[in-house]
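Written out below as structure tokens is the structure these notes cover.
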Amino acid sequence: MGEWAGRGPLEWQAWTHRAVRVWAGEREYRGWLLATDPVSASIVLVSFLEDGSMSVTGIMGHAIRTVTADTEQEGQDARVREELEHLFVAAAPEACSPEVLEQRKDSLKTWLEKNHVPITELGDAPHALCVAGVLTIEPPYGPDNCSSSNEIILSRVQDLIHRHLAAS
């Protein structure tokens, strides 16, 4: 086990969003540490290339010998940290604007009502929808955002949402 794997999650977290040099096996990697898996000590590095694109590399924790600060990249921390924090947000459905979420909610609510599904908005969470008092649909209102202890209702509502998204 390398020196990196011997550290703990709190130490790994301190390295997040920092420029690092990683030695794994006989190879050196350089980039910005995006994330560390707390179970395997594996890391994700992001490198910004000269042509404006970026490279994302995963390095298995068991192969990592050492991780050190990359002093050649210091001084860029604040700008790069902001880029890294927003790197995957644009692709996440939760990143939708409030207007888009409201439109999705209204569209889904209309679709479910059209299909004779009893739907209401929850008072304590104005963005959540409630089906028959037994199922909740949270933003961004996709099939994976449904929760219910009744698996039959859950499956049927998720199927309706899939059909709604396919028709949209």
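Ligands are numbered from 1 in the order shown, chains are lettered A, B, ... in the order of the structure tokens, and residues start at 1 in each chain.
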
Enumerate as an mmCIF file with all heavy atoms, in the first residue's frame all residues of range 7-77 of chain A assigned to alpha helix (DSSP H) by DSSP on the backbone, naming them with the chain letters and numbers the document uses.
data_model
loop_
_atom_site.group_PDB
_atom_site.id
_atom_site.type_symbol
_atom_site.label_atom_id
_atom_site.label_comp_id
_atom_site.auth_asym_id
_atom_site.auth_seq_id
_atom_site.Cartn_x
_atom_site.Cartn_y
_atom_site.Cartn_z
ATOM 1 N N PRO A 9 -9.572 9.982 4.688
ATOM 2 C CA PRO A 9 -10.453 10.855 3.915
ATOM 3 C C PRO A 9 -10.286 12.346 4.219
ATOM 4 O O PRO A 9 -10.391 13.164 3.308
ATOM 5 C CB PRO A 9 -11.860 10.372 4.286
ATOM 6 C CG PRO A 9 -11.669 8.946 4.658
ATOM 7 C CD PRO A 9 -10.326 8.888 5.319
ATOM 8 N N LEU A 10 -10.023 12.703 5.461
ATOM 9 C CA LEU A 10 -9.850 14.125 5.772
ATOM 10 C C LEU A 10 -8.603 14.682 5.096
ATOM 11 O O LEU A 10 -8.611 15.816 4.596
ATOM 12 C CB LEU A 10 -9.802 14.356 7.280
ATOM 13 C CG LEU A 10 -11.117 14.128 8.015
ATOM 14 C CD1 LEU A 10 -10.926 14.296 9.521
ATOM 15 C CD2 LEU A 10 -12.192 15.067 7.513
ATOM 16 N N GLU A 11 -7.536 13.908 5.059
ATOM 17 C CA GLU A 11 -6.317 14.353 4.371
ATOM 18 C C GLU A 11 -6.550 14.411 2.861
ATOM 19 O O GLU A 11 -6.085 15.333 2.199
ATOM 20 C CB GLU A 11 -5.154 13.428 4.681
ATOM 21 C CG GLU A 11 -4.603 13.596 6.088
ATOM 22 C CD GLU A 11 -3.384 12.731 6.298
ATOM 23 O OE1 GLU A 11 -2.319 13.060 5.734
ATOM 24 O OE2 GLU A 11 -3.512 11.721 7.009
ATOM 25 N N TRP A 12 -7.266 13.418 2.319
ATOM 26 C CA TRP A 12 -7.541 13.420 0.884
ATOM 27 C C TRP A 12 -8.357 14.649 0.505
ATOM 28 O O TRP A 12 -8.123 15.276 -0.507
ATOM 29 C CB TRP A 12 -8.293 12.164 0.473
ATOM 30 C CG TRP A 12 -7.533 10.888 0.648
ATOM 31 C CD1 TRP A 12 -6.179 10.715 0.578
ATOM 32 C CD2 TRP A 12 -8.078 9.607 0.928
ATOM 33 N NE1 TRP A 12 -5.855 9.402 0.790
ATOM 34 C CE2 TRP A 12 -6.999 8.696 1.009
ATOM 35 C CE3 TRP A 12 -9.368 9.125 1.105
ATOM 36 C CZ2 TRP A 12 -7.183 7.347 1.255
ATOM 37 C CZ3 TRP A 12 -9.545 7.785 1.354
ATOM 38 C CH2 TRP A 12 -8.465 6.906 1.432
ATOM 39 N N GLN A 13 -9.346 14.981 1.333
ATOM 40 C CA GLN A 13 -10.210 16.121 1.053
ATOM 41 C C GLN A 13 -9.398 17.420 1.009
ATOM 42 O O GLN A 13 -9.697 18.318 0.231
ATOM 43 C CB GLN A 13 -11.320 16.214 2.094
ATOM 44 C CG GLN A 13 -12.353 17.269 1.780
ATOM 45 C CD GLN A 13 -13.481 17.259 2.793
ATOM 46 O OE1 GLN A 13 -13.403 16.632 3.840
ATOM 47 N NE2 GLN A 13 -14.540 17.976 2.471
ATOM 48 N N ALA A 14 -8.369 17.512 1.826
ATOM 49 C CA ALA A 14 -7.537 18.713 1.834
ATOM 50 C C ALA A 14 -6.813 18.910 0.499
ATOM 51 O O ALA A 14 -6.425 20.025 0.161
ATOM 52 C CB ALA A 14 -6.524 18.635 2.980
ATOM 53 N N TRP A 15 -6.636 17.854 -0.282
ATOM 54 C CA TRP A 15 -5.963 17.943 -1.570
ATOM 55 C C TRP A 15 -6.925 18.260 -2.716
ATOM 56 O O TRP A 15 -6.488 18.558 -3.833
ATOM 57 C CB TRP A 15 -5.231 16.639 -1.869
ATOM 58 C CG TRP A 15 -3.999 16.477 -1.041
ATOM 59 C CD1 TRP A 15 -3.907 15.914 0.204
ATOM 60 C CD2 TRP A 15 -2.693 16.920 -1.376
ATOM 61 N NE1 TRP A 15 -2.616 15.975 0.656
ATOM 62 C CE2 TRP A 15 -1.846 16.586 -0.303
ATOM 63 C CE3 TRP A 15 -2.143 17.563 -2.482
ATOM 64 C CZ2 TRP A 15 -0.496 16.865 -0.302
ATOM 65 C CZ3 TRP A 15 -0.793 17.830 -2.475
ATOM 66 C CH2 TRP A 15 0.019 17.501 -1.396
ATOM 67 N N ASP A 77 -5.006 28.754 -8.305
ATOM 68 C CA ASP A 77 -5.953 27.998 -7.484
ATOM 69 C C ASP A 77 -7.379 28.538 -7.517
ATOM 70 O O ASP A 77 -8.315 27.782 -7.713
ATOM 71 C CB ASP A 77 -5.475 27.918 -6.032
ATOM 72 C CG ASP A 77 -4.294 26.973 -5.867
ATOM 73 O OD1 ASP A 77 -3.912 26.328 -6.861
ATOM 74 O OD2 ASP A 77 -3.766 26.885 -4.758
#

Leu101 in chain A environment, 9 Å, only C-alpha atoms, sequence neighbours closer than 6 positions dropped, as a PyMOL selection string: chain A and resi 94+127+139-141

Please identify all polymer residues within 12 Å of Gly2 in chain A, counting only C-alpha atoms, omitting same-chain residues fewer than 3 positions from it, and present them as a PDB file with N, CA, C and O atoms, in the first residue's frame.
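Now in result.pdb:
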ATOM      1  N   ALA A   5      -2.642   5.843  -0.019  1.00  0.00           N
ATOM      2  CA  ALA A   5      -3.714   4.991   0.507  1.00  0.00           C
ATOM      3  C   ALA A   5      -3.688   4.928   2.028  1.00  0.00           C
ATOM      4  O   ALA A   5      -4.707   4.687   2.664  1.00  0.00           O
ATOM      5  N   GLY A   6      -2.527   5.178   2.629  1.00  0.00           N
ATOM      6  CA  GLY A   6      -2.406   5.159   4.075  1.00  0.00           C
ATOM      7  C   GLY A   6      -2.982   6.391   4.752  1.00  0.00           C
ATOM      8  O   GLY A   6      -3.211   6.400   5.954  1.00  0.00           O
ATOM      9  N   ARG A   7      -3.222   7.428   3.970  1.00  0.00           N
ATOM     10  CA  ARG A   7      -3.844   8.631   4.525  1.00  0.00           C
ATOM     11  C   ARG A   7      -5.337   8.380   4.675  1.00  0.00           C
ATOM     12  O   ARG A   7      -5.876   7.410   4.181  1.00  0.00           O
ATOM     13  N   VAL A  22       1.230  13.186  -9.289  1.00  0.00           N
ATOM     14  CA  VAL A  22       0.918  11.856  -8.759  1.00  0.00           C
ATOM     15  C   VAL A  22       1.867  10.851  -9.401  1.00  0.00           C
ATOM     16  O   VAL A  22       2.013  10.820 -10.624  1.00  0.00           O
ATOM     17  N   TRP A  23       2.496  10.038  -8.567  1.00  0.00           N
ATOM     18  CA  TRP A  23       3.331   8.960  -9.073  1.00  0.00           C
ATOM     19  C   TRP A  23       2.581   7.659  -8.816  1.00  0.00           C
ATOM     20  O   TRP A  23       2.266   7.317  -7.679  1.00  0.00           O
ATOM     21  N   ALA A  24       2.295   6.966  -9.905  1.00  0.00           N
ATOM     22  CA  ALA A  24       1.611   5.669  -9.844  1.00  0.00           C
ATOM     23  C   ALA A  24       2.415   4.698 -10.695  1.00  0.00           C
ATOM     24  O   ALA A  24       2.589   4.929 -11.897  1.00  0.00           O
ATOM     25  N   GLY A  25       2.893   3.654 -10.072  1.00  0.00           N
ATOM     26  CA  GLY A  25       3.779   2.740 -10.786  1.00  0.00           C
ATOM     27  C   GLY A  25       5.031   3.505 -11.178  1.00  0.00           C
ATOM     28  O   GLY A  25       5.642   4.175 -10.363  1.00  0.00           O
ATOM     29  N   SER A  40     -11.573   3.292  -1.990  1.00  0.00           N
ATOM     30  CA  SER A  40     -10.426   2.725  -2.707  1.00  0.00           C
ATOM     31  C   SER A  40      -9.209   3.650  -2.770  1.00  0.00           C
ATOM     32  O   SER A  40      -8.150   3.226  -3.215  1.00  0.00           O
ATOM     33  N   ALA A  41      -9.356   4.903  -2.362  1.00  0.00           N
ATOM     34  CA  ALA A  41      -8.300   5.930  -2.443  1.00  0.00           C
ATOM     35  C   ALA A  41      -7.974   6.291  -3.887  1.00  0.00           C
ATOM     36  O   ALA A  41      -6.977   6.942  -4.154  1.00  0.00           O
ATOM     37  N   SER A  42      -8.803   5.861  -4.839  1.00  0.00           N
ATOM     38  CA  SER A  42      -8.613   6.234  -6.242  1.00  0.00           C
ATOM     39  C   SER A  42      -8.907   7.713  -6.403  1.00  0.00           C
ATOM     40  O   SER A  42      -9.716   8.284  -5.660  1.00  0.00           O
ATOM     41  N   MET A  60      -6.152   4.471 -10.041  1.00  0.00           N
ATOM     42  CA  MET A  60      -6.546   3.533  -8.990  1.00  0.00           C
ATOM     43  C   MET A  60      -5.707   3.750  -7.734  1.00  0.00           C
ATOM     44  O   MET A  60      -4.492   3.895  -7.808  1.00  0.00           O
ATOM     45  N   GLY A  61      -6.364   3.756  -6.589  1.00  0.00           N
ATOM     46  CA  GLY A  61      -5.707   4.028  -5.323  1.00  0.00           C
ATOM     47  C   GLY A  61      -4.566   3.094  -4.995  1.00  0.00           C
ATOM     48  O   GLY A  61      -3.539   3.524  -4.469  1.00  0.00           O
ATOM     49  N   HIS A  62      -4.725   1.815  -5.319  1.00  0.00           N
ATOM     50  CA  HIS A  62      -3.669   0.852  -4.974  1.00  0.00           C
ATOM     51  C   HIS A  62      -2.380   1.107  -5.759  1.00  0.00           C
ATOM     52  O   HIS A  62      -1.303   0.698  -5.343  1.00  0.00           O
ATOM     53  N   ALA A  63      -2.462   1.810  -6.890  1.00  0.00           N
ATOM     54  CA  ALA A  63      -1.287   2.071  -7.725  1.00  0.00           C
ATOM     55  C   ALA A  63      -0.560   3.357  -7.338  1.00  0.00           C
ATOM     56  O   ALA A  63       0.589   3.561  -7.729  1.00  0.00           O
ATOM     57  N   ILE A  64      -1.208   4.216  -6.570  1.00  0.00           N
ATOM     58  CA  ILE A  64      -0.634   5.514  -6.236  1.00  0.00           C
ATOM     59  C   ILE A  64       0.449   5.351  -5.181  1.00  0.00           C
ATOM     60  O   ILE A  64       0.212   4.814  -4.102  1.00  0.00           O
ATOM     61  N   ARG A  65       1.638   5.830  -5.522  1.00  0.00           N
ATOM     62  CA  ARG A  65       2.747   5.807  -4.548  1.00  0.00           C
ATOM     63  C   ARG A  65       2.754   7.097  -3.744  1.00  0.00           C
ATOM     64  O   ARG A  65       2.754   7.061  -2.526  1.00  0.00           O
ATOM     65  N   THR A  66       2.815   8.248  -4.435  1.00  0.00           N
ATOM     66  CA  THR A  66       2.852   9.525  -3.723  1.00  0.00           C
ATOM     67  C   THR A  66       2.046  10.581  -4.469  1.00  0.00           C
ATOM     68  O   THR A  66       1.846  10.498  -5.684  1.00  0.00           O
ATOM     69  N   VAL A  67       1.602  11.567  -3.707  1.00  0.00           N
ATOM     70  CA  VAL A  67       0.912  12.740  -4.247  1.00  0.00           C
ATOM     71  C   VAL A  67       1.579  13.950  -3.611  1.00  0.00           C
ATOM     72  O   VAL A  67       1.704  14.025  -2.383  1.00  0.00           O
TER      73      VAL A  67
END

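Shortest atom-to-atom contact with Glu28 in chain A among A:Val131, A:Leu49, A:Ile161, A:Ile59: A:Ile59, counting only C-alpha atoms.
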
Could you pull the residues within 6 Å of range 115-119 of chain A, counting only C-alpha atoms, minus those fewer than 3 positions along the same chain, as a ChimeraX atom specification? /A:112,130-132

Give me a file of those residues, with C-alpha atoms, as a CSV table (one decimal), in the first residue's frame.
chain,number,residue,atom,x,y,z
A,112,LEU,CA,-50.4,13.1,-15.1
A,130,CYS,CA,-47.4,14.2,-4.6
A,131,VAL,CA,-49.3,11.4,-6.3
A,132,ALA,CA,-52.3,9.9,-4.4

So that I can see what lies close to Ala167 in chain A, please list as a JSON list (two decimals) with N, CA, C and O atoms, in the first residue's frame the residues with an atom at most 12 Å from it, counting only C-alpha atoms and leaving out residues fewer than 3 positions away in the same chain.
[["chain", "number", "residue", "atom", "x", "y", "z"],
["A", 107, "SER", "N", -45.64, 20.94, -16.76],
["A", 107, "SER", "CA", -45.86, 20.01, -17.88],
["A", 107, "SER", "C", -46.15, 18.60, -17.36],
["A", 107, "SER", "O", -47.08, 17.93, -17.84],
["A", 108, "LEU", "N", -45.37, 18.16, -16.38],
["A", 108, "LEU", "CA", -45.58, 16.83, -15.81],
["A", 108, "LEU", "C", -46.92, 16.75, -15.09],
["A", 108, "LEU", "O", -47.67, 15.78, -15.23],
["A", 111, "TRP", "N", -49.61, 16.43, -17.63],
["A", 111, "TRP", "CA", -49.56, 15.09, -18.24],
["A", 111, "TRP", "C", -50.18, 14.05, -17.30],
["A", 111, "TRP", "O", -50.96, 13.21, -17.72],
["A", 160, "LEU", "N", -45.12, 6.32, -16.64],
["A", 160, "LEU", "CA", -45.82, 7.49, -17.20],
["A", 160, "LEU", "C", -44.85, 8.65, -17.45],
["A", 160, "LEU", "O", -44.93, 9.33, -18.48],
["A", 161, "ILE", "N", -43.93, 8.86, -16.53],
["A", 161, "ILE", "CA", -42.95, 9.95, -16.70],
["A", 161, "ILE", "C", -42.04, 9.64, -17.89],
["A", 161, "ILE", "O", -41.74, 10.53, -18.69],
["A", 162, "HIS", "N", -41.63, 8.38, -18.04],
["A", 162, "HIS", "CA", -40.80, 8.00, -19.20],
["A", 162, "HIS", "C", -41.56, 8.32, -20.50],
["A", 162, "HIS", "O", -40.97, 8.88, -21.43],
["A", 163, "ARG", "N", -42.82, 7.95, -20.55],
["A", 163, "ARG", "CA", -43.63, 8.22, -21.76],
["A", 163, "ARG", "C", -43.79, 9.71, -21.98],
["A", 163, "ARG", "O", -43.75, 10.18, -23.12],
["A", 164, "HIS", "N", -43.96, 10.46, -20.90],
["A", 164, "HIS", "CA", -44.09, 11.92, -21.02],
["A", 164, "HIS", "C", -42.80, 12.52, -21.60],
["A", 164, "HIS", "O", -42.85, 13.36, -22.50]]

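In terms of minimum interatomic distance to Pro143 in chain A, A:Asp159 ranks closest within A:Asp159, A:Ala128, A:Thr57, A:Cys96, counting only C-alpha atoms.
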
Kindly give the distance, in Å, that separates CA of Arg21 in chain A and CA of Glu82 in chain A, rounded to a single decimal. 20.1 Å

Using DSSP on the backbone coordinates, identify all residues within range 31-140 of chain A classified as strand (DSSP E); present the result as a PyMOL selection string. chain A and resi 31-36+43-48+54-59+64-69+119-121+129-131+135-137

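One distance worth recording is that between CA of Leu154 in chain A and CA of Glu99 in chain A, which is 26.5 Å.
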
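Closest approach to Arg104 in chain A among A:Glu72, A:Glu83, A:Glu26, A:Glu138: A:Glu138, based on only C-alpha atoms.
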
Determine, counting only C-alpha atoms, which protein, DNA and RNA residues have an atom within 12 Å of an atom of Val134 in chain A; residues of the same chain fewer than 4 positions away are not included. Present the result as a JSON list (two decimals) with all heavy atoms, in the first residue's frame.
[["chain", "number", "residue", "atom", "x", "y", "z"],
["A", 117, "VAL", "N", -54.22, 10.70, -13.05],
["A", 117, "VAL", "CA", -53.43, 10.43, -11.86],
["A", 117, "VAL", "C", -53.67, 11.58, -10.88],
["A", 117, "VAL", "O", -53.48, 12.73, -11.23],
["A", 117, "VAL", "CB", -51.92, 10.34, -12.20],
["A", 117, "VAL", "CG1", -51.09, 10.19, -10.95],
["A", 117, "VAL", "CG2", -51.67, 9.19, -13.17],
["A", 118, "PRO", "N", -54.12, 11.26, -9.66],
["A", 118, "PRO", "CA", -54.37, 12.33, -8.67],
["A", 118, "PRO", "C", -53.05, 12.95, -8.21],
["A", 118, "PRO", "O", -52.23, 12.30, -7.57],
["A", 118, "PRO", "CB", -55.07, 11.60, -7.52],
["A", 118, "PRO", "CG", -54.68, 10.17, -7.68],
["A", 118, "PRO", "CD", -54.42, 9.94, -9.14],
["A", 119, "ILE", "N", -52.83, 14.21, -8.58],
["A", 119, "ILE", "CA", -51.57, 14.88, -8.31],
["A", 119, "ILE", "C", -51.79, 16.20, -7.60],
["A", 119, "ILE", "O", -52.72, 16.92, -7.93],
["A", 119, "ILE", "CB", -50.78, 15.10, -9.63],
["A", 119, "ILE", "CG1", -49.39, 15.69, -9.39],
["A", 119, "ILE", "CG2", -51.52, 15.94, -10.61],
["A", 119, "ILE", "CD1", -48.35, 14.67, -9.29],
["A", 120, "THR", "N", -50.98, 16.47, -6.59],
["A", 120, "THR", "CA", -51.05, 17.74, -5.87],
["A", 120, "THR", "C", -49.62, 18.24, -5.63],
["A", 120, "THR", "O", -48.67, 17.48, -5.74],
["A", 120, "THR", "CB", -51.75, 17.59, -4.50],
["A", 120, "THR", "OG1", -51.04, 16.61, -3.74],
["A", 120, "THR", "CG2", -53.20, 17.18, -4.66],
["A", 122, "LEU", "N", -46.99, 19.59, -2.89],
["A", 122, "LEU", "CA", -46.82, 19.49, -1.45],
["A", 122, "LEU", "C", -46.67, 20.89, -0.86],
["A", 122, "LEU", "O", -45.91, 21.71, -1.35],
["A", 122, "LEU", "CB", -45.59, 18.65, -1.10],
["A", 122, "LEU", "CG", -45.72, 17.16, -1.38],
["A", 122, "LEU", "CD1", -44.41, 16.44, -1.08],
["A", 122, "LEU", "CD2", -46.85, 16.55, -0.56],
["A", 129, "LEU", "N", -44.07, 17.31, -6.07],
["A", 129, "LEU", "CA", -45.41, 16.87, -6.44],
["A", 129, "LEU", "C", -45.72, 15.60, -5.65],
["A", 129, "LEU", "O", -44.82, 14.82, -5.34],
["A", 129, "LEU", "CB", -45.49, 16.59, -7.94],
["A", 129, "LEU", "CG", -45.27, 17.79, -8.86],
["A", 129, "LEU", "CD1", -45.22, 17.33, -10.32],
["A", 129, "LEU", "CD2", -46.35, 18.82, -8.67],
["A", 130, "CYS", "N", -47.00, 15.40, -5.36],
["A", 130, "CYS", "CA", -47.42, 14.23, -4.61],
["A", 130, "CYS", "C", -48.50, 13.50, -5.39],
["A", 130, "CYS", "O", -49.47, 14.11, -5.85],
["A", 130, "CYS", "CB", -47.94, 14.65, -3.24],
["A", 130, "CYS", "SG", -48.44, 13.25, -2.20],
["A", 146, "CYS", "N", -38.55, 10.01, -8.21],
["A", 146, "CYS", "CA", -39.77, 9.54, -7.55],
["A", 146, "CYS", "C", -39.39, 8.70, -6.34],
["A", 146, "CYS", "O", -38.42, 7.94, -6.38],
["A", 146, "CYS", "CB", -40.59, 8.66, -8.50],
["A", 146, "CYS", "SG", -41.16, 9.50, -9.98],
["A", 147, "SER", "N", -40.18, 8.83, -5.28],
["A", 147, "SER", "CA", -39.96, 7.97, -4.12],
["A", 147, "SER", "C", -41.31, 7.55, -3.54],
["A", 147, "SER", "O", -42.23, 8.36, -3.44],
["A", 147, "SER", "CB", -39.12, 8.68, -3.06],
["A", 147, "SER", "OG", -39.76, 9.86, -2.64],
["A", 148, "SER", "N", -41.39, 6.27, -3.21],
["A", 148, "SER", "CA", -42.61, 5.72, -2.63],
["A", 148, "SER", "C", -42.30, 4.35, -2.05],
["A", 148, "SER", "O", -41.44, 3.63, -2.57],
["A", 148, "SER", "CB", -43.70, 5.58, -3.70],
["A", 148, "SER", "OG", -44.84, 4.95, -3.16],
["A", 149, "SER", "N", -43.01, 3.99, -1.00],
["A", 149, "SER", "CA", -42.86, 2.65, -0.44],
["A", 149, "SER", "C", -43.74, 1.65, -1.21],
["A", 149, "SER", "O", -43.56, 0.45, -1.08],
["A", 149, "SER", "CB", -43.22, 2.64, 1.04],
["A", 149, "SER", "OG", -44.55, 3.06, 1.21],
["A", 150, "ASN", "N", -44.68, 2.15, -2.02],
["A", 150, "ASN", "CA", -45.54, 1.29, -2.82],
["A", 150, "ASN", "C", -44.88, 1.08, -4.19],
["A", 150, "ASN", "O", -44.93, 1.96, -5.06],
["A", 150, "ASN", "CB", -46.92, 1.92, -2.97],
["A", 150, "ASN", "CG", -47.90, 1.01, -3.67],
["A", 150, "ASN", "OD1", -47.55, 0.30, -4.61],
["A", 150, "ASN", "ND2", -49.15, 1.05, -3.21],
["A", 151, "GLU", "N", -44.26, -0.06, -4.39],
["A", 151, "GLU", "CA", -43.50, -0.32, -5.60],
["A", 151, "GLU", "C", -44.35, -0.39, -6.86],
["A", 151, "GLU", "O", -43.89, -0.05, -7.94],
["A", 151, "GLU", "CB", -42.69, -1.60, -5.44],
["A", 151, "GLU", "CG", -41.70, -1.48, -4.30],
["A", 151, "GLU", "CD", -40.41, -2.18, -4.56],
["A", 151, "GLU", "OE1", -40.16, -2.61, -5.68],
["A", 151, "GLU", "OE2", -39.63, -2.27, -3.60],
["A", 152, "ILE", "N", -45.61, -0.80, -6.74],
["A", 152, "ILE", "CA", -46.49, -0.87, -7.91],
["A", 152, "ILE", "C", -46.79, 0.54, -8.41],
["A", 152, "ILE", "O", -46.65, 0.83, -9.60],
["A", 152, "ILE", "CB", -47.78, -1.64, -7.57],
["A", 152, "ILE", "CG1", -47.45, -3.10, -7.27],
["A", 152, "ILE", "CG2", -48.79, -1.53, -8.72],
["A", 152, "ILE", "CD1", -48.59, -3.91, -6.71],
["A", 153, "ILE", "N", -47.18, 1.42, -7.51],
["A", 153, "ILE", "CA", -47.46, 2.81, -7.89],
["A", 153, "ILE", "C", -46.18, 3.47, -8.40],
["A", 153, "ILE", "O", -46.19, 4.18, -9.41],
["A", 153, "ILE", "CB", -48.08, 3.60, -6.73],
["A", 153, "ILE", "CG1", -49.49, 3.07, -6.44],
["A", 153, "ILE", "CG2", -48.11, 5.09, -7.03],
["A", 153, "ILE", "CD1", -50.16, 3.70, -5.25],
["A", 154, "LEU", "N", -45.08, 3.24, -7.72],
["A", 154, "LEU", "CA", -43.80, 3.81, -8.14],
["A", 154, "LEU", "C", -43.47, 3.42, -9.57],
["A", 154, "LEU", "O", -43.16, 4.27, -10.41],
["A", 154, "LEU", "CB", -42.68, 3.36, -7.20],
["A", 154, "LEU", "CG", -41.26, 3.83, -7.53],
["A", 154, "LEU", "CD1", -41.16, 5.34, -7.45],
["A", 154, "LEU", "CD2", -40.26, 3.18, -6.59],
["A", 157, "VAL", "N", -45.98, 5.13, -12.14],
["A", 157, "VAL", "CA", -45.76, 6.57, -12.31],
["A", 157, "VAL", "C", -44.44, 6.80, -13.05],
["A", 157, "VAL", "O", -44.36, 7.66, -13.94],
["A", 157, "VAL", "CB", -45.80, 7.30, -10.95],
["A", 157, "VAL", "CG1", -45.34, 8.74, -11.10],
["A", 157, "VAL", "CG2", -47.22, 7.26, -10.38]]
